[in-house]
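Source file start07.txt; content: compact mmCIF, N, CA and C atoms.
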# COMPACT_ATOMS: atom_id res chain seq x y z
N MET A 1 10.55 170.72 127.27
CA MET A 1 10.30 169.70 126.28
C MET A 1 9.07 168.88 126.69
N GLY A 2 8.66 167.94 125.83
CA GLY A 2 7.50 167.10 126.09
C GLY A 2 7.76 166.08 127.18
N ARG A 3 6.69 165.55 127.69
CA ARG A 3 6.77 164.53 128.73
C ARG A 3 7.11 163.19 128.12
N ASP A 4 7.62 162.28 128.95
CA ASP A 4 7.88 160.91 128.52
C ASP A 4 6.53 160.22 128.37
N LEU A 5 6.10 159.98 127.14
CA LEU A 5 4.78 159.39 126.89
C LEU A 5 4.67 157.95 127.37
N GLY A 6 5.80 157.34 127.70
CA GLY A 6 5.75 155.97 128.18
C GLY A 6 5.11 155.82 129.53
N CYS A 7 4.90 156.94 130.23
CA CYS A 7 4.36 156.81 131.59
C CYS A 7 3.18 157.74 131.85
N VAL A 8 2.59 158.32 130.82
CA VAL A 8 1.42 159.18 131.02
C VAL A 8 0.19 158.52 130.42
N PRO A 9 -0.98 158.74 131.03
CA PRO A 9 -2.21 158.18 130.49
C PRO A 9 -2.49 158.71 129.08
N VAL A 10 -3.17 157.89 128.29
CA VAL A 10 -3.48 158.23 126.90
C VAL A 10 -4.98 158.09 126.66
N LEU A 11 -5.52 159.07 125.95
CA LEU A 11 -6.91 159.08 125.52
C LEU A 11 -6.90 158.89 124.01
N VAL A 12 -7.65 157.90 123.52
CA VAL A 12 -7.70 157.63 122.08
C VAL A 12 -9.13 157.91 121.60
N VAL A 13 -9.24 158.87 120.69
CA VAL A 13 -10.53 159.29 120.17
C VAL A 13 -10.54 159.03 118.66
N THR A 14 -11.36 158.08 118.24
CA THR A 14 -11.53 157.82 116.81
C THR A 14 -12.94 158.22 116.43
N ARG A 15 -13.05 158.96 115.33
CA ARG A 15 -14.36 159.42 114.87
C ARG A 15 -14.72 158.73 113.57
N TYR A 16 -16.01 158.55 113.38
CA TYR A 16 -16.52 157.80 112.23
C TYR A 16 -17.70 158.53 111.62
N ARG A 17 -17.78 158.49 110.30
CA ARG A 17 -18.95 158.98 109.58
C ARG A 17 -19.76 157.74 109.23
N VAL A 18 -20.97 157.63 109.80
CA VAL A 18 -21.80 156.43 109.64
C VAL A 18 -23.19 156.85 109.17
N GLU A 19 -23.57 156.38 108.01
CA GLU A 19 -24.91 156.69 107.50
C GLU A 19 -25.97 156.01 108.37
N GLN A 20 -27.12 156.64 108.47
CA GLN A 20 -28.20 156.15 109.36
C GLN A 20 -28.53 154.66 109.19
N PRO A 21 -28.64 154.15 107.95
CA PRO A 21 -28.99 152.72 107.81
C PRO A 21 -27.93 151.78 108.40
N ASP A 22 -26.71 152.27 108.56
CA ASP A 22 -25.61 151.44 109.06
C ASP A 22 -25.33 151.64 110.55
N ALA A 23 -26.12 152.49 111.21
CA ALA A 23 -25.83 152.87 112.59
C ALA A 23 -25.85 151.68 113.56
N GLU A 24 -26.85 150.84 113.47
CA GLU A 24 -26.93 149.70 114.42
C GLU A 24 -25.80 148.71 114.19
N SER A 25 -25.46 148.47 112.93
CA SER A 25 -24.35 147.58 112.61
C SER A 25 -23.04 148.17 113.14
N PHE A 26 -22.85 149.47 112.94
CA PHE A 26 -21.65 150.13 113.46
C PHE A 26 -21.58 150.01 114.98
N ARG A 27 -22.70 150.24 115.62
CA ARG A 27 -22.74 150.16 117.09
C ARG A 27 -22.35 148.77 117.58
N GLY A 28 -22.81 147.75 116.90
CA GLY A 28 -22.43 146.38 117.25
C GLY A 28 -20.94 146.13 117.03
N ASP A 29 -20.42 146.62 115.90
CA ASP A 29 -18.99 146.46 115.63
C ASP A 29 -18.15 147.20 116.67
N ALA A 30 -18.60 148.39 117.05
CA ALA A 30 -17.88 149.18 118.05
C ALA A 30 -17.90 148.48 119.40
N ALA A 31 -19.04 147.90 119.76
CA ALA A 31 -19.13 147.17 121.03
C ALA A 31 -18.21 145.96 121.02
N SER A 32 -18.14 145.26 119.90
CA SER A 32 -17.22 144.11 119.79
C SER A 32 -15.77 144.57 119.91
N ALA A 33 -15.46 145.71 119.29
CA ALA A 33 -14.10 146.24 119.38
C ALA A 33 -13.75 146.58 120.83
N LEU A 34 -14.67 147.24 121.52
CA LEU A 34 -14.42 147.57 122.93
C LEU A 34 -14.25 146.31 123.78
N ALA A 35 -15.00 145.28 123.48
CA ALA A 35 -14.90 144.04 124.25
C ALA A 35 -13.50 143.43 124.14
N VAL A 36 -12.94 143.38 122.93
CA VAL A 36 -11.60 142.80 122.80
C VAL A 36 -10.54 143.74 123.34
N LEU A 37 -10.72 145.05 123.14
CA LEU A 37 -9.74 145.99 123.68
C LEU A 37 -9.73 145.97 125.20
N SER A 38 -10.90 145.77 125.80
CA SER A 38 -10.98 145.79 127.27
C SER A 38 -10.22 144.64 127.91
N ASP A 39 -9.91 143.60 127.15
CA ASP A 39 -9.12 142.48 127.68
C ASP A 39 -7.62 142.74 127.63
N CYS A 40 -7.21 143.85 127.03
CA CYS A 40 -5.79 144.15 126.86
C CYS A 40 -5.19 144.82 128.09
N THR A 41 -3.95 144.48 128.35
CA THR A 41 -3.23 145.08 129.46
C THR A 41 -3.12 146.59 129.25
N GLY A 42 -3.44 147.35 130.27
CA GLY A 42 -3.34 148.80 130.21
C GLY A 42 -4.62 149.51 129.82
N TYR A 43 -5.64 148.76 129.39
CA TYR A 43 -6.93 149.36 129.04
C TYR A 43 -7.59 149.88 130.32
N VAL A 44 -8.10 151.10 130.29
CA VAL A 44 -8.77 151.68 131.46
C VAL A 44 -10.28 151.64 131.28
N ASP A 45 -10.77 152.25 130.20
CA ASP A 45 -12.20 152.19 129.89
C ASP A 45 -12.45 152.70 128.49
N GLY A 46 -13.69 152.57 128.04
CA GLY A 46 -14.02 153.02 126.70
C GLY A 46 -15.51 153.29 126.57
N VAL A 47 -15.84 154.15 125.61
CA VAL A 47 -17.24 154.50 125.36
C VAL A 47 -17.48 154.63 123.87
N ILE A 48 -18.73 154.41 123.49
CA ILE A 48 -19.21 154.64 122.14
C ILE A 48 -20.14 155.84 122.23
N GLY A 49 -19.96 156.83 121.37
CA GLY A 49 -20.81 158.01 121.42
C GLY A 49 -21.25 158.45 120.04
N ARG A 50 -22.33 159.21 120.03
CA ARG A 50 -22.84 159.78 118.77
C ARG A 50 -23.04 161.27 118.98
N ASN A 51 -22.69 162.06 117.99
CA ASN A 51 -22.80 163.51 118.08
C ASN A 51 -24.26 163.93 118.21
N VAL A 52 -24.55 164.84 119.13
CA VAL A 52 -25.94 165.26 119.36
C VAL A 52 -26.49 166.13 118.23
N ASP A 53 -25.62 166.81 117.49
CA ASP A 53 -26.07 167.68 116.41
C ASP A 53 -25.98 167.03 115.02
N ASP A 54 -25.14 166.02 114.91
CA ASP A 54 -24.94 165.34 113.63
C ASP A 54 -24.97 163.83 113.90
N PRO A 55 -26.14 163.19 113.81
CA PRO A 55 -26.26 161.79 114.19
C PRO A 55 -25.48 160.81 113.31
N GLU A 56 -24.86 161.29 112.25
CA GLU A 56 -24.02 160.41 111.44
C GLU A 56 -22.56 160.46 111.86
N LEU A 57 -22.24 161.24 112.89
CA LEU A 57 -20.88 161.35 113.40
C LEU A 57 -20.80 160.61 114.74
N TRP A 58 -19.99 159.55 114.76
CA TRP A 58 -19.84 158.70 115.94
C TRP A 58 -18.39 158.75 116.45
N THR A 59 -18.20 158.33 117.69
CA THR A 59 -16.86 158.22 118.24
C THR A 59 -16.72 156.94 119.05
N LEU A 60 -15.54 156.40 118.99
CA LEU A 60 -15.12 155.31 119.87
C LEU A 60 -13.95 155.89 120.65
N THR A 61 -14.11 156.02 121.95
CA THR A 61 -13.10 156.66 122.79
C THR A 61 -12.63 155.69 123.86
N THR A 62 -11.33 155.53 123.97
CA THR A 62 -10.76 154.64 124.99
C THR A 62 -9.69 155.38 125.77
N ARG A 63 -9.49 154.92 127.00
CA ARG A 63 -8.40 155.44 127.83
C ARG A 63 -7.46 154.30 128.15
N TRP A 64 -6.17 154.63 128.16
CA TRP A 64 -5.12 153.64 128.37
C TRP A 64 -4.14 154.10 129.44
N ARG A 65 -3.53 153.17 130.11
CA ARG A 65 -2.54 153.48 131.15
C ARG A 65 -1.40 154.30 130.57
N ASP A 66 -0.97 153.96 129.34
CA ASP A 66 0.12 154.68 128.67
C ASP A 66 0.08 154.34 127.19
N VAL A 67 0.85 155.08 126.41
CA VAL A 67 0.83 154.90 124.96
C VAL A 67 1.34 153.50 124.56
N GLY A 68 2.29 152.98 125.30
CA GLY A 68 2.81 151.64 124.99
C GLY A 68 1.73 150.58 125.12
N SER A 69 0.89 150.70 126.14
CA SER A 69 -0.21 149.74 126.31
C SER A 69 -1.16 149.79 125.12
N TYR A 70 -1.47 151.00 124.67
CA TYR A 70 -2.36 151.15 123.51
C TYR A 70 -1.73 150.55 122.26
N ARG A 71 -0.48 150.86 122.01
CA ARG A 71 0.17 150.36 120.80
C ARG A 71 0.34 148.84 120.84
N ARG A 72 0.67 148.29 122.00
CA ARG A 72 0.78 146.83 122.12
C ARG A 72 -0.56 146.16 121.91
N ALA A 73 -1.63 146.79 122.40
CA ALA A 73 -2.97 146.22 122.23
C ALA A 73 -3.31 146.02 120.76
N LEU A 74 -2.87 146.95 119.92
CA LEU A 74 -3.20 146.86 118.50
C LEU A 74 -2.51 145.71 117.78
N THR A 75 -1.52 145.09 118.43
CA THR A 75 -0.79 143.99 117.79
C THR A 75 -1.36 142.62 118.14
N GLY A 76 -2.28 142.54 119.10
CA GLY A 76 -2.85 141.27 119.50
C GLY A 76 -3.75 140.68 118.42
N TYR A 77 -3.77 139.36 118.33
CA TYR A 77 -4.54 138.67 117.30
C TYR A 77 -6.03 139.05 117.35
N ASP A 78 -6.66 138.93 118.52
CA ASP A 78 -8.09 139.21 118.63
C ASP A 78 -8.40 140.65 118.24
N VAL A 79 -7.52 141.57 118.61
CA VAL A 79 -7.72 142.98 118.26
C VAL A 79 -7.58 143.16 116.76
N LYS A 80 -6.57 142.52 116.16
CA LYS A 80 -6.39 142.64 114.71
C LYS A 80 -7.61 142.12 113.95
N VAL A 81 -8.21 141.06 114.46
CA VAL A 81 -9.35 140.45 113.78
C VAL A 81 -10.65 141.23 114.02
N THR A 82 -10.84 141.73 115.23
CA THR A 82 -12.11 142.34 115.61
C THR A 82 -12.11 143.86 115.58
N ALA A 83 -11.10 144.49 116.16
CA ALA A 83 -11.11 145.94 116.31
C ALA A 83 -10.45 146.69 115.15
N VAL A 84 -9.36 146.18 114.63
CA VAL A 84 -8.62 146.91 113.60
C VAL A 84 -9.47 147.17 112.35
N PRO A 85 -10.31 146.21 111.89
CA PRO A 85 -11.16 146.53 110.74
C PRO A 85 -12.06 147.75 111.00
N LEU A 86 -12.58 147.87 112.20
CA LEU A 86 -13.39 149.04 112.55
C LEU A 86 -12.51 150.28 112.61
N LEU A 87 -11.39 150.20 113.31
CA LEU A 87 -10.51 151.36 113.46
C LEU A 87 -10.02 151.87 112.11
N SER A 88 -9.88 150.98 111.15
CA SER A 88 -9.41 151.40 109.82
C SER A 88 -10.46 152.23 109.07
N ARG A 89 -11.71 152.20 109.54
CA ARG A 89 -12.77 153.00 108.91
C ARG A 89 -12.90 154.39 109.54
N ALA A 90 -12.06 154.68 110.53
CA ALA A 90 -12.14 155.97 111.22
C ALA A 90 -11.76 157.12 110.28
N ILE A 91 -12.25 158.30 110.60
CA ILE A 91 -11.85 159.51 109.90
C ILE A 91 -10.34 159.64 110.06
N ASN A 92 -9.64 159.95 108.99
CA ASN A 92 -8.18 160.02 109.00
C ASN A 92 -7.72 161.30 109.69
N GLU A 93 -7.42 161.19 110.97
CA GLU A 93 -6.93 162.30 111.77
C GLU A 93 -6.20 161.72 112.98
N PRO A 94 -5.32 162.50 113.61
CA PRO A 94 -4.64 162.00 114.81
C PRO A 94 -5.67 161.58 115.86
N SER A 95 -5.38 160.49 116.57
CA SER A 95 -6.39 159.97 117.50
C SER A 95 -5.89 159.78 118.93
N ALA A 96 -4.59 159.74 119.16
CA ALA A 96 -4.06 159.49 120.51
C ALA A 96 -3.61 160.80 121.15
N TYR A 97 -4.08 161.03 122.36
CA TYR A 97 -3.80 162.26 123.10
C TYR A 97 -3.24 161.91 124.48
N GLU A 98 -2.21 162.63 124.90
CA GLU A 98 -1.73 162.45 126.26
C GLU A 98 -2.68 163.19 127.19
N VAL A 99 -2.93 162.61 128.35
CA VAL A 99 -3.84 163.22 129.33
C VAL A 99 -3.02 164.08 130.27
N PHE A 100 -3.42 165.34 130.42
CA PHE A 100 -2.74 166.24 131.33
C PHE A 100 -3.42 166.33 132.68
N ASP A 101 -4.74 166.45 132.67
CA ASP A 101 -5.49 166.62 133.92
C ASP A 101 -6.79 165.83 133.89
N THR A 102 -7.17 165.33 135.03
CA THR A 102 -8.51 164.74 135.18
C THR A 102 -9.13 165.32 136.45
N TYR A 103 -10.42 165.45 136.44
CA TYR A 103 -11.10 166.05 137.58
C TYR A 103 -12.22 165.17 138.03
Spell out the structure here as structure tokens.
Amino acid sequence: MGRDLGCVPVLVVTRYRVEQPDAESFRGDAASALAVLSDCTGYVDGVIGRNVDDPELWTLTTRWRDVGSYRRALTGYDVKVTAVPLLSRAINEPSAYEVFDTY
């Protein structure tokens, strides 16, 4: 059966379709989202990335101590005000992954 997700690291990958004229604004919004998320208990790190072949495809990727930390982070006031509006613009697809191995 599956592992107990309450104690395994979680990788959250959200992807965004961002038109070129909106890229700098998106990057600023993503940086603000990472700033508030980074203050949450269980946050490990995060990055903003852009696809090398399709410059309108962006990602906001974060790592968390466990799935509970990630889910609790989404309920905080600052996160709801700053990060959730950005996260709601993500491409509609599953975003949380359990981490099996790191090297």
Task: DSSP-assigned strand (DSSP E) members of stretch 6-84 of chain A, reported as a list in words - done: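 For stretch 6-84 of chain A, the strand (DSSP E) set is Val10, Leu11, Val12, Val13, Thr14, Arg15, Tyr16, Arg17, Tyr43, Val44, Asp45, Gly46, Val47, Ile48, Gly49, Arg50, Leu57, Trp58, Thr59, Leu60, Thr61, Thr62, Arg63 and Trp64 of chain A.
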Output N, CA and C atoms for every residue in the selection just made, as an mmCIF file, keeping the file's coordinate frame.
data_model
loop_
_atom_site.group_PDB
_atom_site.id
_atom_site.type_symbol
_atom_site.label_atom_id
_atom_site.label_comp_id
_atom_site.auth_asym_id
_atom_site.auth_seq_id
_atom_site.Cartn_x
_atom_site.Cartn_y
_atom_site.Cartn_z
ATOM 1 N N VAL A 10 -3.170 157.890 128.290
ATOM 2 C CA VAL A 10 -3.480 158.230 126.900
ATOM 3 C C VAL A 10 -4.980 158.090 126.660
ATOM 4 N N LEU A 11 -5.520 159.070 125.950
ATOM 5 C CA LEU A 11 -6.910 159.080 125.520
ATOM 6 C C LEU A 11 -6.900 158.890 124.010
ATOM 7 N N VAL A 12 -7.650 157.900 123.520
ATOM 8 C CA VAL A 12 -7.700 157.630 122.080
ATOM 9 C C VAL A 12 -9.130 157.910 121.600
ATOM 10 N N VAL A 13 -9.240 158.870 120.690
ATOM 11 C CA VAL A 13 -10.530 159.290 120.170
ATOM 12 C C VAL A 13 -10.540 159.030 118.660
ATOM 13 N N THR A 14 -11.360 158.080 118.240
ATOM 14 C CA THR A 14 -11.530 157.820 116.810
ATOM 15 C C THR A 14 -12.940 158.220 116.430
ATOM 16 N N ARG A 15 -13.050 158.960 115.330
ATOM 17 C CA ARG A 15 -14.360 159.420 114.870
ATOM 18 C C ARG A 15 -14.720 158.730 113.570
ATOM 19 N N TYR A 16 -16.010 158.550 113.380
ATOM 20 C CA TYR A 16 -16.520 157.800 112.230
ATOM 21 C C TYR A 16 -17.700 158.530 111.620
ATOM 22 N N ARG A 17 -17.780 158.490 110.300
ATOM 23 C CA ARG A 17 -18.950 158.980 109.580
ATOM 24 C C ARG A 17 -19.760 157.740 109.230
ATOM 25 N N TYR A 43 -5.640 148.760 129.390
ATOM 26 C CA TYR A 43 -6.930 149.360 129.040
ATOM 27 C C TYR A 43 -7.590 149.880 130.320
ATOM 28 N N VAL A 44 -8.100 151.100 130.290
ATOM 29 C CA VAL A 44 -8.770 151.680 131.460
ATOM 30 C C VAL A 44 -10.280 151.640 131.280
ATOM 31 N N ASP A 45 -10.770 152.250 130.200
ATOM 32 C CA ASP A 45 -12.200 152.190 129.890
ATOM 33 C C ASP A 45 -12.450 152.700 128.490
ATOM 34 N N GLY A 46 -13.690 152.570 128.040
ATOM 35 C CA GLY A 46 -14.020 153.020 126.700
ATOM 36 C C GLY A 46 -15.510 153.290 126.570
ATOM 37 N N VAL A 47 -15.840 154.150 125.610
ATOM 38 C CA VAL A 47 -17.240 154.500 125.360
ATOM 39 C C VAL A 47 -17.480 154.630 123.870
ATOM 40 N N ILE A 48 -18.730 154.410 123.490
ATOM 41 C CA ILE A 48 -19.210 154.640 122.140
ATOM 42 C C ILE A 48 -20.140 155.840 122.230
ATOM 43 N N GLY A 49 -19.960 156.830 121.370
ATOM 44 C CA GLY A 49 -20.810 158.010 121.420
ATOM 45 C C GLY A 49 -21.250 158.450 120.040
ATOM 46 N N ARG A 50 -22.330 159.210 120.030
ATOM 47 C CA ARG A 50 -22.840 159.780 118.770
ATOM 48 C C ARG A 50 -23.040 161.270 118.980
ATOM 49 N N LEU A 57 -22.240 161.240 112.890
ATOM 50 C CA LEU A 57 -20.880 161.350 113.400
ATOM 51 C C LEU A 57 -20.800 160.610 114.740
ATOM 52 N N TRP A 58 -19.990 159.550 114.760
ATOM 53 C CA TRP A 58 -19.840 158.700 115.940
ATOM 54 C C TRP A 58 -18.390 158.750 116.450
ATOM 55 N N THR A 59 -18.200 158.330 117.690
ATOM 56 C CA THR A 59 -16.860 158.220 118.240
ATOM 57 C C THR A 59 -16.720 156.940 119.050
ATOM 58 N N LEU A 60 -15.540 156.400 118.990
ATOM 59 C CA LEU A 60 -15.120 155.310 119.870
ATOM 60 C C LEU A 60 -13.950 155.890 120.650
ATOM 61 N N THR A 61 -14.110 156.020 121.950
ATOM 62 C CA THR A 61 -13.100 156.660 122.790
ATOM 63 C C THR A 61 -12.630 155.690 123.860
ATOM 64 N N THR A 62 -11.330 155.530 123.970
ATOM 65 C CA THR A 62 -10.760 154.640 124.990
ATOM 66 C C THR A 62 -9.690 155.380 125.770
ATOM 67 N N ARG A 63 -9.490 154.920 127.000
ATOM 68 C CA ARG A 63 -8.400 155.440 127.830
ATOM 69 C C ARG A 63 -7.460 154.300 128.150
ATOM 70 N N TRP A 64 -6.170 154.630 128.160
ATOM 71 C CA TRP A 64 -5.120 153.640 128.370
ATOM 72 C C TRP A 64 -4.140 154.100 129.440
#
TODO: Point out the residue among A:Leu74, A:Ala30, A:Val8, A:Ala83 with the least atom-to-atom distance to A:Thr59, counting all atoms listed in the file.
DONE: A:Ala30
Open item on the list: So, with only C-alpha atoms as the atoms that count, which of A:Val81, A:Ala90, A:Leu11, A:Leu37 lies closest to A:Leu57?
Closed with: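 Of A:Val81, A:Ala90, A:Leu11, A:Leu37, the one nearest A:Leu57, counting only C-alpha atoms, is A:Ala90.
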Open item on the list: One decimal, in Å: what's the spacing between atom CA of A:Gly28 and atom CA of A:Pro9?
Closed with: 26.9 Å
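Comparing the minimum interatomic distances between A:Pro55 and each of A:Thr82, A:Gln20, A:Thr102, A:Thr14, counting all atoms listed in the file, we find that A:Gln20 sits nearest.
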